[in-house]
Amino acid sequence: MSGLCGWLAAANGADTGTAAQAALVSMAAPLSRFDGALLAASVSDVGGVAVAALDGSRHVHQQDGLQVAIWGRPVLDDSADDVASRLASLWLSRGVAACACLSGPFSLAILDAFSGSALLAVDRAGMHPLSYANNAQGLFFASSHDALLAHPSVRGALDPQALYHYLYFHMVPGPATAYLGQQRLLPGEYLEVRGGKLCKGSYWQLAFQEPGARKRASFAGNKQEFLRLLRQVVESSLGADGADTGAFLSGGTDSSTLAAIMGQVTGRPARTYSIGFDAPGYDEMAYARLAASHAGSIHHERYVTPDDVLAAIPAMAAIFDQPFGNASAIPAFYCAQMAREDGVTRLLGGDGGDELFGGNERYAHQALLSQYARLPGILRQAIIEPLLFRVRTGKSWRLGDKARRYIEQASLPLPARLDSYNLLLRHGYRTVLETGFIDTIAPGMAPGCVNGAYWERQGQGLSQINELLALDMRFTLADNDLFKVRKACELAGVEAAFPLLHDAMVAFAARLAPRDKLDGRQLRPFFKRALADILPPAIVRKKKHGFGLPFGQWLHSHAPLREFAFDNLTQLRGRGIVRPAFIDDLQGRLLVEHPAYHGTMVWLLLMLEQWLSQHPGALGALAGGFAANATEMPAVLDPTA
């Protein structure tokens with residue numbers, strides 16, 4: 001919700017007059033356009049900083065040539081009091097090491113007039129983002145690209161590679177952004193400017209303790225510490241007294257746990273909010289009601305309809321500062337809106353539980369696939385594979401087909417096999433995309449993003465489950481889930497908080513043995529066992545479901561939604577990105593064959609067109625088609641150069 005912005009001017013480029021004040025106000029305006037958050041700002045000889053946020057999340061300090069701006073609710077030395085001024089002192093004595101003293105959600109900027117230096121940083125989980133652009137006029141930064149582009153010295157040329165990444169990942173993974181020349185800090189990263197040079201690094205990294213690193217604690221000891229931490233992180237997330245705080249409640253283990261602990265901590269029923277869908281296979285309201293009844297919460301629910309989706313799409317596209325294709329942002333928004341109408345200004349989300357404690361179904365699936373590689377090579381290559389792939393009969397053999405699919409996936413190395421169901425790979429990018437657009441991108445960069453993050457952990461002796469958890473903390477969580485919930489809440493005028501991502505809880509989860517996170521094919525065994533006395537048995541046993549939107553089904557049953565989607569695809573035809581022939585095939589044969597799977601592609605293209613329409617400043621790169629502009633686009637700046 002809200003954010004910070006500002007700049008460090010290049011040497012002899014400072015302007016502290018009316019123009020500088022106006023530029024800072026222009027940058028800050030997009031940060032509070034939905035919630036009307038108050039602004040705190042400071043302009044000096046070297047630059048300006050501003051924070052637009054609710055009380056408690058807005059910190060600006062200026063003294064003795066230092067300007068410190070913090071967005072969020074960080075804790076410094078176990079205290080949340082006067083954080084900005086104390087951080088200024090730490091900066092003078094410790095430099096970038098001061099970042100490691102902060103915990104909790106934040107993004108920050110420090111401008112030092114005496115040395116002409118600056119520091120930017122974000123929290124360890126990436127809950128509060130920060131992007132930057134560096135050019136001859138100085139270093140410009142903001143938690144929203146819309147705010148960054150509002151400064152007259154920052155260009156807004158769209159990066160075609162980012163559009164390809166969007167279609168591949170359904171979002172734009174950091175550190176890249178949708179715009180050329182703009183980068184985003186990753187979780188636990190800082191950017192220091194000193195002597196005119198930019199240096200980026202990590203002040204913190206997630207460190208797992210594998211077997212042998214220390215003596216394994218008993219289950220009873222771990223359970224006691226875990227339950228103590230749960231109360232601590234929920235209490236610290238409630239604000240002053242928790243009276244204006246509610247919680248998302250999906251009926252899953254994480255949100256159900258938060259609802260139960262909120263009631264224990266405050267001594268009064270939690271206020272919980274759930275979304276349902278009148279569509280087979282998508283509605284989990286029964287579990288949400290069970291969790292609410294068990295926790296004794298004051299429960300509120302709403303069923304989202306196709307008309308609701310149709311009404312929310314334009315506003316949803318407008319609030320995202322770069323293309324974003326996770327359709328569950330729509331129900332998240334309506335859930336937050338329902339809470340806001342009930343007087344709630346802060347919502348607790350259970351995001352992070354899956355990535356810390358092993359809750360995603362793919363962890364078990366990948367463990368099963370990895371078992372194939374452990375078979376003797378002679379058995380695999382001389383017997384199993386010849387039998388399944390070389391000997392074919394005229395009769396259909398369902399078991400053989402399943403075995404072949406299993407071996408095909410299992411034969412791929414990690415992390416490549418995580419993309420087995422990738423829409424763009426399944427169809428082939430040359431089938432989907434225009435030739436002129438392909439000429440401006442490097443398709444191999446998309447899997448390269450995942451490979452780079454995955455292989456950073458190689459050599460650390462991590463178990464497969466911890467390797468996958470680390471990868472998901474970086475991609476699934478920071479680039480997708482947190483971004484989705486935070487922006488959906490912002491649109492509703494509510495602040496989002498994520499107790500399970502408290503630094504102490506992250507450290508605790510990293511100390512757990514791999515078998516406590518995945519035991520055979522059993523997901524999050526420690527988490528479920530430790531909460532057996534707090535959660536209803538049916539919720540402990542339930543399979544992971546998610547918060548998906550039945551968009552593909554509704555395209556068939558709801559004519560206005562289908563017409564709106566297809567109209568947007570028609571507009572997208574002229575952008576020079578997607579081949580018209582593929583759009584025809586998608587709207588016809590493919591959508592009929594598999595509404596849910598190919599409905600996702602319709603959603604991605606629909607939201608891309610909506611985003612482009614809602615962000616006209618990004619359209620400069622599209623003028624004349626991508627092929628015409630391929631040689632005119634500047635290279636992305638390397639901040640370490």
# chains A, B, ... in the order shown; residues from 1 in each chain; ligands from 1
call {"tool": "residues_around", "arguments": {"residues": "Phe475 in chain A", "least_positions_apart": "3", "cutoff": "9 Å", "atoms": "only C-alpha atoms", "output": "PyMOL selection string"}}
result
chain A and resi 173-174+450+453+470-472+478-481
call {"tool": "write_last_selection", "arguments": {"atoms": "C-alpha atoms", "output": "short mmCIF file (atom, residue, chain, number, x, y, z; two decimals), in the first residue's frame"}}
result
data_model
loop_
_atom_site.label_atom_id
_atom_site.label_comp_id
_atom_site.auth_asym_id
_atom_site.auth_seq_id
_atom_site.Cartn_x
_atom_site.Cartn_y
_atom_site.Cartn_z
CA PRO A 173 10.46 -11.50 -12.67
CA GLY A 174 13.01 -9.27 -10.97
CA VAL A 450 15.01 -19.67 -13.24
CA ALA A 453 18.39 -18.52 -9.35
CA ALA A 470 14.48 -21.19 -1.98
CA LEU A 471 13.46 -20.91 -5.64
CA ASP A 472 9.82 -20.31 -4.73
CA ALA A 478 8.26 -12.14 -4.12
CA ASP A 479 7.40 -11.70 -7.80
CA ASN A 480 3.90 -13.13 -7.76
CA ASP A 481 1.94 -13.81 -4.57
#
call {"tool": "closest_residue", "arguments": {"among": "A:Leu500, A:Ala311, A:Leu230, A:Ile70", "to": "Phe564 in chain A", "atoms": "only C-alpha atoms"}}
result
A:Ala311
call {"tool": "select_by_dssp", "arguments": {"residues": "range 286-534 of chain A", "states": "strand (DSSP E)", "output": "number ranges by chain"}}
result
A: 298-304, 346-348, 495-497, 518-519, 522-523
call {"tool": "write_last_selection", "arguments": {"atoms": "C-alpha atoms", "output": "tab-separated table (two decimals), in the first residue's frame"}}
result
chain	number	residue	atom	x	y	z
A	298	ILE	CA	-16.76	-13.11	13.03
A	299	HIS	CA	-16.94	-14.34	9.48
A	300	HIS	CA	-17.88	-12.54	6.25
A	301	GLU	CA	-18.18	-14.06	2.81
A	302	ARG	CA	-18.95	-13.10	-0.74
A	303	TYR	CA	-19.42	-15.06	-3.93
A	304	VAL	CA	-17.61	-13.50	-6.90
A	346	ARG	CA	-5.27	-4.00	7.67
A	347	LEU	CA	-5.57	-7.58	6.42
A	348	LEU	CA	-3.35	-10.48	7.41
A	495	GLU	CA	-2.88	-2.48	4.02
A	496	ALA	CA	-1.63	-6.06	3.61
A	497	ALA	CA	0.54	-7.81	6.20
A	518	LEU	CA	8.30	-33.11	2.90
A	519	ASP	CA	8.14	-36.69	4.12
A	522	GLN	CA	3.35	-35.85	2.58
A	523	LEU	CA	3.44	-32.07	2.44
call {"tool": "closest_residue", "arguments": {"among": "A:Val234, A:Leu120, A:Cys449, A:Leu158", "to": "Leu258 in chain A", "atoms": "only C-alpha atoms"}}
result
A:Val234
call {"tool": "residues_around", "arguments": {"residues": "Ala176 in chain A", "least_positions_apart": "2", "cutoff": "12 Å", "atoms": "only C-alpha atoms", "output": "PyMOL selection string"}}
result
chain A and resi 130-133+145+158-166+171-174+178-186+322+445-446+449+479+636-639
call {"tool": "closest_atom_pairs", "arguments": {"of": "range 402-510 of chain A", "to": "range 569-576 of chain A", "cutoff": "12 Å", "atoms": "only C-alpha atoms", "output": "CSV"}}
result
residue,atom,partner,partner_atom,distance
A:Val432,CA,A:Gly576,CA,11.4
A:Leu433,CA,A:Gly576,CA,8.4
A:Glu434,CA,A:Gly576,CA,6.2
A:Thr435,CA,A:Gly576,CA,8.7
A:Gly436,CA,A:Gly576,CA,7.2
A:Phe437,CA,A:Gly576,CA,6.5
A:Ile438,CA,A:Gly576,CA,10.0
A:Asp439,CA,A:Gly576,CA,11.5
A:Thr440,CA,A:Gly576,CA,11.4
call {"tool": "write_last_selection", "arguments": {"atoms": "C-alpha atoms", "output": "compact mmCIF listing (two decimals), in the first residue's frame"}}
result
# COMPACT_ATOMS: atom_id res chain seq x y z
CA VAL A 432 2.19 -17.71 -30.59
CA LEU A 433 4.29 -14.63 -31.38
CA GLU A 434 4.83 -12.38 -34.38
CA THR A 435 8.16 -12.74 -36.17
CA GLY A 436 8.95 -9.04 -35.76
CA PHE A 437 8.46 -9.29 -32.02
CA ILE A 438 10.60 -12.45 -31.78
CA ASP A 439 13.44 -10.60 -33.50
CA THR A 440 13.62 -8.15 -30.56
